[in-house]
file input.pdb (PDB, C-alpha atoms)
ATOM      1  CA  MET D 253      79.285  38.426   0.590
ATOM      2  CA  TYR D 254      78.232  35.314  -1.324
ATOM      3  CA  VAL D 255      79.787  33.592  -4.319
ATOM      4  CA  VAL D 256      77.357  32.158  -6.896
ATOM      5  CA  ASN D 257      77.890  28.864  -8.735
ATOM      6  CA  VAL D 258      75.669  27.504 -11.499
ATOM      7  CA  CYS D 259      75.716  24.003 -12.959
ATOM      8  CA  GLY D 260      73.434  21.759 -14.989
ATOM      9  CA  PHE D 261      72.190  21.568 -18.546
ATOM     10  CA  ASN D 262      69.428  22.543 -20.957
ATOM     11  CA  MET D 263      68.809  20.233 -23.888
ATOM     12  CA  THR D 264      67.009  20.982 -27.134
ATOM     13  CA  GLY D 265      66.041  18.566 -29.870
ATOM     14  CA  ILE D 266      65.100  14.923 -29.650
ATOM     15  CA  SER D 267      67.360  12.114 -28.327
ATOM     16  CA  ASN D 268      70.380  11.679 -30.642
ATOM     17  CA  ASP D 269      69.866  15.096 -32.227
ATOM     18  CA  SER D 270      69.879  16.880 -28.866
ATOM     19  CA  VAL D 271      72.097  19.904 -28.337
ATOM     20  CA  GLU D 272      73.225  21.111 -24.938
ATOM     21  CA  CYS D 273      72.420  24.800 -24.466
ATOM     22  CA  PRO D 274      73.824  27.276 -21.938
ATOM     23  CA  LEU D 275      71.861  27.600 -18.723
ATOM     24  CA  SER D 276      69.854  30.771 -18.345
ATOM     25  CA  PHE D 277      71.646  31.443 -15.039
ATOM     26  CA  ALA D 278      75.117  30.737 -16.503
ATOM     27  CA  PRO D 279      76.157  34.443 -16.518
ATOM     28  CA  LEU D 280      75.976  34.358 -12.691
ATOM     29  CA  ASN D 281      78.585  31.610 -12.400
ATOM     30  CA  ASN D 282      81.532  32.636 -10.196
ATOM     31  CA  THR D 283      80.104  36.074  -9.431
ATOM     32  CA  ARG D 284      80.243  37.637  -5.989
ATOM     33  CA  ILE D 285      77.175  39.336  -4.596
ATOM     34  CA  ILE D 286      76.646  41.660  -1.677
ATOM     35  CA  THR D 287      73.508  40.945   0.327
ATOM     36  CA  THR D 288      71.785  43.508   2.527
ATOM     37  CA  VAL D 289      69.123  42.433   4.994
ATOM     38  CA  SER D 290      66.343  44.957   4.348
ATOM     39  CA  CYS D 291      63.858  43.617   6.890
ATOM     40  CA  LEU D 292      63.611  40.688   9.229
ATOM     41  CA  PRO D 293      60.156  39.744  10.426
ATOM     42  CA  ASP D 294      59.630  39.057  14.092
ATOM     43  CA  LEU D 295      58.972  35.488  15.027
ATOM     44  CA  PRO D 296      55.193  35.328  15.195
ATOM     45  CA  GLY D 297      53.330  33.489  17.890
ATOM     46  CA  LEU D 298      53.970  30.189  16.201
ATOM     47  CA  THR D 299      50.763  28.310  15.861
ATOM     48  CA  ASP D 300      51.392  26.123  12.837
ATOM     49  CA  ALA D 301      53.688  25.429   9.887
ATOM     50  CA  ASN D 302      51.531  27.334   7.383
ATOM     51  CA  SER D 303      51.532  30.596   9.342
ATOM     52  CA  PHE D 304      55.303  30.390   9.897
ATOM     53  CA  ALA D 305      55.862  29.830   6.183
ATOM     54  CA  THR D 306      53.587  32.743   5.273
ATOM     55  CA  ASP D 307      54.710  35.174   7.987
ATOM     56  CA  VAL D 308      58.444  34.440   7.986
ATOM     57  CA  ILE D 309      59.858  32.088   5.349
ATOM     58  CA  ILE D 310      58.354  33.501   2.148
ATOM     59  CA  GLN D 311      58.777  37.175   3.093
ATOM     60  CA  THR D 312      61.317  39.159   1.043
ATOM     61  CA  LYS D 313      64.062  40.074   3.496
ATOM     62  CA  THR D 314      67.082  41.015   1.367
ATOM     63  CA  GLU D 315      68.481  43.109  -1.456
ATOM     64  CA  VAL D 316      71.442  42.050  -3.608
ATOM     65  CA  SER D 317      73.971  43.650  -5.930
ATOM     66  CA  LEU D 318      77.175  42.563  -7.585
ATOM     67  CA  GLU D 319      80.370  43.011  -5.583
ATOM     68  CA  ASN D 320      81.267  46.080  -7.664
ATOM     69  CA  GLY D 321      77.905  47.689  -6.796
ATOM     70  CA  THR D 322      76.275  47.047 -10.166
ATOM     71  CA  GLU D 323      72.632  46.085 -10.009
ATOM     72  CA  LEU D 324      71.658  42.692 -11.362
ATOM     73  CA  SER D 325      69.099  42.215 -14.114
ATOM     74  CA  GLU D 326      65.589  41.704 -12.750
ATOM     75  CA  ARG D 327      65.573  37.974 -13.487
ATOM     76  CA  TYR D 328      68.834  37.296 -11.634
ATOM     77  CA  ASP D 329      67.979  39.724  -8.855
ATOM     78  CA  ASP D 330      64.606  38.031  -8.271
ATOM     79  CA  ALA D 331      66.156  34.548  -8.129
ATOM     80  CA  LEU D 332      68.944  35.528  -5.709
ATOM     81  CA  VAL D 333      66.764  37.721  -3.493
ATOM     82  CA  SER D 334      64.213  34.910  -3.279
ATOM     83  CA  LEU D 335      66.800  32.239  -2.494
ATOM     84  CA  ILE D 336      68.573  34.234   0.199
ATOM     85  CA  SER D 337      65.310  35.536   1.688
ATOM     86  CA  LEU D 338      63.800  32.045   1.843
ATOM     87  CA  THR D 339      66.844  30.703   3.677
ATOM     88  CA  LEU D 340      67.328  33.626   6.078
ATOM     89  CA  LEU D 341      65.497  33.198   9.365
ATOM     90  CA  PRO D 342      65.297  35.294  12.513
ATOM     91  CA  VAL D 343      67.296  33.788  15.358
ATOM     92  CA  GLY D 344      64.997  32.176  17.828
ATOM     93  CA  ASP D 345      63.703  28.907  19.091
ATOM     94  CA  TRP D 346      65.264  26.581  16.515
ATOM     95  CA  SER D 347      63.762  23.472  18.115
ATOM     96  CA  LEU D 348      60.279  24.951  17.761
ATOM     97  CA  ILE D 349      60.853  25.741  14.069
ATOM     98  CA  ASP D 350      62.326  22.259  13.614
ATOM     99  CA  SER D 351      59.170  20.703  15.081
ATOM    100  CA  LEU D 352      56.948  22.401  12.461
ATOM    101  CA  TYR D 353      58.336  20.471   9.482
ATOM    102  CA  GLU D 354      59.678  17.042   8.532
ATOM    103  CA  ASP D 355      63.432  16.477   8.908
ATOM    104  CA  GLU D 356      63.900  15.253   5.338
ATOM    105  CA  ASP D 357      62.056  14.799   2.078
ATOM    106  CA  PRO D 358      59.840  11.724   2.108
ATOM    107  CA  GLU D 359      59.939   9.366  -0.858
ATOM    108  CA  PRO D 360      58.896  11.487  -3.849
ATOM    109  CA  PRO D 361      55.175  11.187  -4.427
ATOM    110  CA  PHE D 362      53.792  12.867  -7.498
ATOM    111  CA  MET D 363      52.050  16.235  -7.241
ATOM    112  CA  LYS D 364      53.202  17.038  -3.718
ATOM    113  CA  THR D 365      54.957  19.945  -2.016
ATOM    114  CA  TRP D 366      56.474  20.248   1.448
ATOM    115  CA  TYR D 367      58.917  22.106   3.664
ATOM    116  CA  ILE D 368      61.729  20.456   5.579
ATOM    117  CA  ALA D 369      63.594  21.715   8.646
ATOM    118  CA  LYS D 370      66.261  20.083  10.747
ATOM    119  CA  GLN D 371      68.346  21.367  13.610
ATOM    120  CA  HIS D 372      71.961  20.201  13.651
ATOM    121  CA  THR D 373      74.579  20.738  16.356
ATOM    122  CA  SER D 374      75.987  23.912  14.787
ATOM    123  CA  SER D 375      73.556  24.778  11.981
ATOM    124  CA  PHE D 376      69.936  24.655  10.882
ATOM    125  CA  GLU D 377      68.652  23.277   7.589
ATOM    126  CA  ILE D 378      65.505  24.612   5.894
ATOM    127  CA  GLY D 379      64.105  23.733   2.482
ATOM    128  CA  TYR D 380      61.148  23.260   0.189
ATOM    129  CA  THR D 381      60.464  20.652  -2.488
ATOM    130  CA  SER D 382      57.771  20.330  -5.150
ATOM    131  CA  TYR D 383      57.330  17.145  -7.188
ATOM    132  CA  GLY D 384      55.118  16.446 -10.175
ATOM    133  CA  PRO D 385      54.959  13.541 -12.626
ATOM    134  CA  ASP D 386      57.713  14.946 -14.872
ATOM    135  CA  TYR D 387      59.301  17.780 -12.872
ATOM    136  CA  ALA D 388      60.824  18.604  -9.520
ATOM    137  CA  SER D 389      62.036  21.881  -8.065
ATOM    138  CA  GLY D 390      62.951  23.367  -4.754
ATOM    139  CA  TRP D 391      65.392  25.207  -2.572
ATOM    140  CA  ASN D 392      67.326  24.517   0.607
ATOM    141  CA  GLY D 393      69.774  26.247   2.865
ATOM    142  CA  ASN D 394      72.145  25.567   5.736
ATOM    143  CA  LEU D 395      71.946  28.405   8.270
ATOM    144  CA  SER D 396      73.985  29.719  11.169
ATOM    145  CA  LEU D 397      72.294  29.174  14.536
ATOM    146  CA  THR D 398      73.907  32.409  15.750
ATOM    147  CA  THR D 399      72.971  34.787  12.919
ATOM    148  CA  GLY D 400      70.227  33.019  10.933
ATOM    149  CA  LEU D 401      72.212  33.716   7.725
ATOM    150  CA  PRO D 402      72.605  30.904   5.213
ATOM    151  CA  TYR D 403      76.142  29.494   4.994
ATOM    152  CA  SER D 404      75.043  28.040   1.678
ATOM    153  CA  ALA D 405      71.811  27.717  -0.263
ATOM    154  CA  ASN D 406      70.622  25.963  -3.410
ATOM    155  CA  LEU D 407      67.852  26.671  -5.882
ATOM    156  CA  TRP D 408      67.229  23.766  -8.251
ATOM    157  CA  ALA D 409      64.922  22.429 -10.926
ATOM    158  CA  TRP D 410      64.548  19.368 -13.136
ATOM    159  CA  ASN D 411      62.085  18.846 -15.978
ATOM    160  CA  ALA D 412      61.868  15.685 -18.085
ATOM    161  CA  VAL D 413      59.583  17.127 -20.779
ATOM    162  CA  GLU D 414      61.629  20.259 -21.448
ATOM    163  CA  SER D 415      64.933  18.412 -20.827
ATOM    164  CA  PHE D 416      66.623  20.636 -18.314
ATOM    165  CA  SER D 417      68.297  20.284 -14.971
ATOM    166  CA  TRP D 418      70.098  23.033 -13.111
ATOM    167  CA  ILE D 419      71.238  24.112  -9.684
ATOM    168  CA  LEU D 420      72.187  27.600  -8.525
ATOM    169  CA  THR D 421      74.302  27.580  -5.343
ATOM    170  CA  ILE D 422      75.372  30.481  -3.157
ATOM    171  CA  THR D 423      78.092  30.136  -0.559
ATOM    172  CA  LEU D 424      78.823  32.672   2.169
ATOM    173  CA  LEU D 425      82.405  33.958   2.108
ATOM    174  CA  LEU D 426      83.653  34.556   5.621
ATOM    175  CA  ASN D 427      86.547  36.905   6.428
ATOM    176  CA  ASP D 428      86.952  37.860   2.780
TER
END
call {"tool": "encode", "arguments": {"input": "input.pdb", "output": "structure tokens"}}
result
Amino acid sequence: MYVVNVCGFNMTGISNDSVECPLSFAPLNNTRIITTVSCLPDLPGLTDANSFATDVIIQTKTEVSLENGTELSERYDDALVSLISLTLLPVGDWSLIDSLYEDEDPEPPFMKTWYIAKQHTSSFEIGYTSYGPDYASGWNGNLSLTTGLPYSANLWAWNAVESFSWILTITLLLND
């Protein structure tokens, strides 16, 4: 089971006349979701970072529902399924996966996207970032080396033109 937290802001108007608006993901704040792993792709014969991303990372691997069994609206379901699926990896050769991607985001260049991966002593970090001249977005997760499940994961976005910034965080509840 995961708990969902949402924070950030949406602004409308111009400078001093701006009004803070509720985030579109705000109704998810402090909800608990049940995640079911619906499929887990086999680790392919790893040849390069692109094939691993295509064959494993971006595959839909989960289904979610609210703790009480209620289905989520399509928008919320898509965001949570994507986030958990992106940060859920099959257990395998973590050092090999780590070698496919940079350990951290480089200095933000404009109009660039990249994956990051880093093996830690007791966890594995995976993420993706996209930067443009007036926006940034991405996701990242901290995974169990034993199960491949994310302990926590974040989906985030920032946009200077449309004046918004938000982060959606899920945290795994253990022994709940």
call {"tool": "resolve_selection", "arguments": {"input": "input.pdb", "expression": "the PyMOL selection byres ((chain D and resi 335) around 8)", "output": "PyMOL selection string"}}
result
chain D and resi 331-334+336-339+391+405-407
call {"tool": "resolve_selection", "arguments": {"input": "input.pdb", "expression": "the PyMOL selection byres ((chain D and resi 347) around 10)", "output": "list of chain:residue names"}}
result
D:Gly344, D:Asp345, D:Trp346, D:Leu348, D:Ile349, D:Asp350, D:Ser351, D:Leu352, D:Ala369, D:Lys370, D:Gln371, D:His372, D:Phe376
call {"tool": "closest_residue", "arguments": {"input": "input.pdb", "among": "D:Ile310, D:Leu420, D:Ala301, D:Val316", "to": "Phe277 (chain D)", "atoms": "all atoms listed in the file"}}
result
D:Leu420
call {"tool": "atom_distance", "arguments": {"input": "input.pdb", "atom1": "CA of Gly321 (chain D)", "atom2": "CA of Leu292 (chain D)"}}
result
22.6 Å
call {"tool": "closest_residue", "arguments": {"input": "input.pdb", "among": "D:Tyr387, D:Thr381, D:Glu319, D:Ser404", "to": "Phe416 (chain D)", "atoms": "only C-alpha atoms"}}
result
D:Tyr387
call {"tool": "atom_distance", "arguments": {"input": "input.pdb", "atom1": "CA of Ser303 (chain D)", "atom2": "CA of Leu341 (chain D)"}}
result
14.2 Å
call {"tool": "atom_distance", "arguments": {"input": "input.pdb", "atom1": "CA of Gly393 (chain D)", "atom2": "CA of Leu340 (chain D)"}}
result
8.4 Å
call {"tool": "residues_around", "arguments": {"input": "input.pdb", "residues": "Ile286 (chain D)", "least_positions_apart": "4", "cutoff": "12 Å", "atoms": "all atoms listed in the file", "output": "JSON, numbers by chain"}}
result
{"D": [253, 254, 255, 256, 314, 315, 316, 317, 318, 319, 320, 321, 322, 323, 324, 329, 332, 333, 336, 422, 423, 424, 425, 428]}
call {"tool": "resolve_selection", "arguments": {"input": "input.pdb", "expression": "the PyMOL selection byres ((chain D and resi 291) around 9)", "output": "ChimeraX atom specification"}}
result
/D:289-290,292-293,312-314
call {"tool": "closest_residue", "arguments": {"input": "input.pdb", "among": "D:Tyr353, D:Ile378, D:Gly384, D:Glu414", "to": "Asp300 (chain D)", "atoms": "only C-alpha atoms"}}
result
D:Tyr353
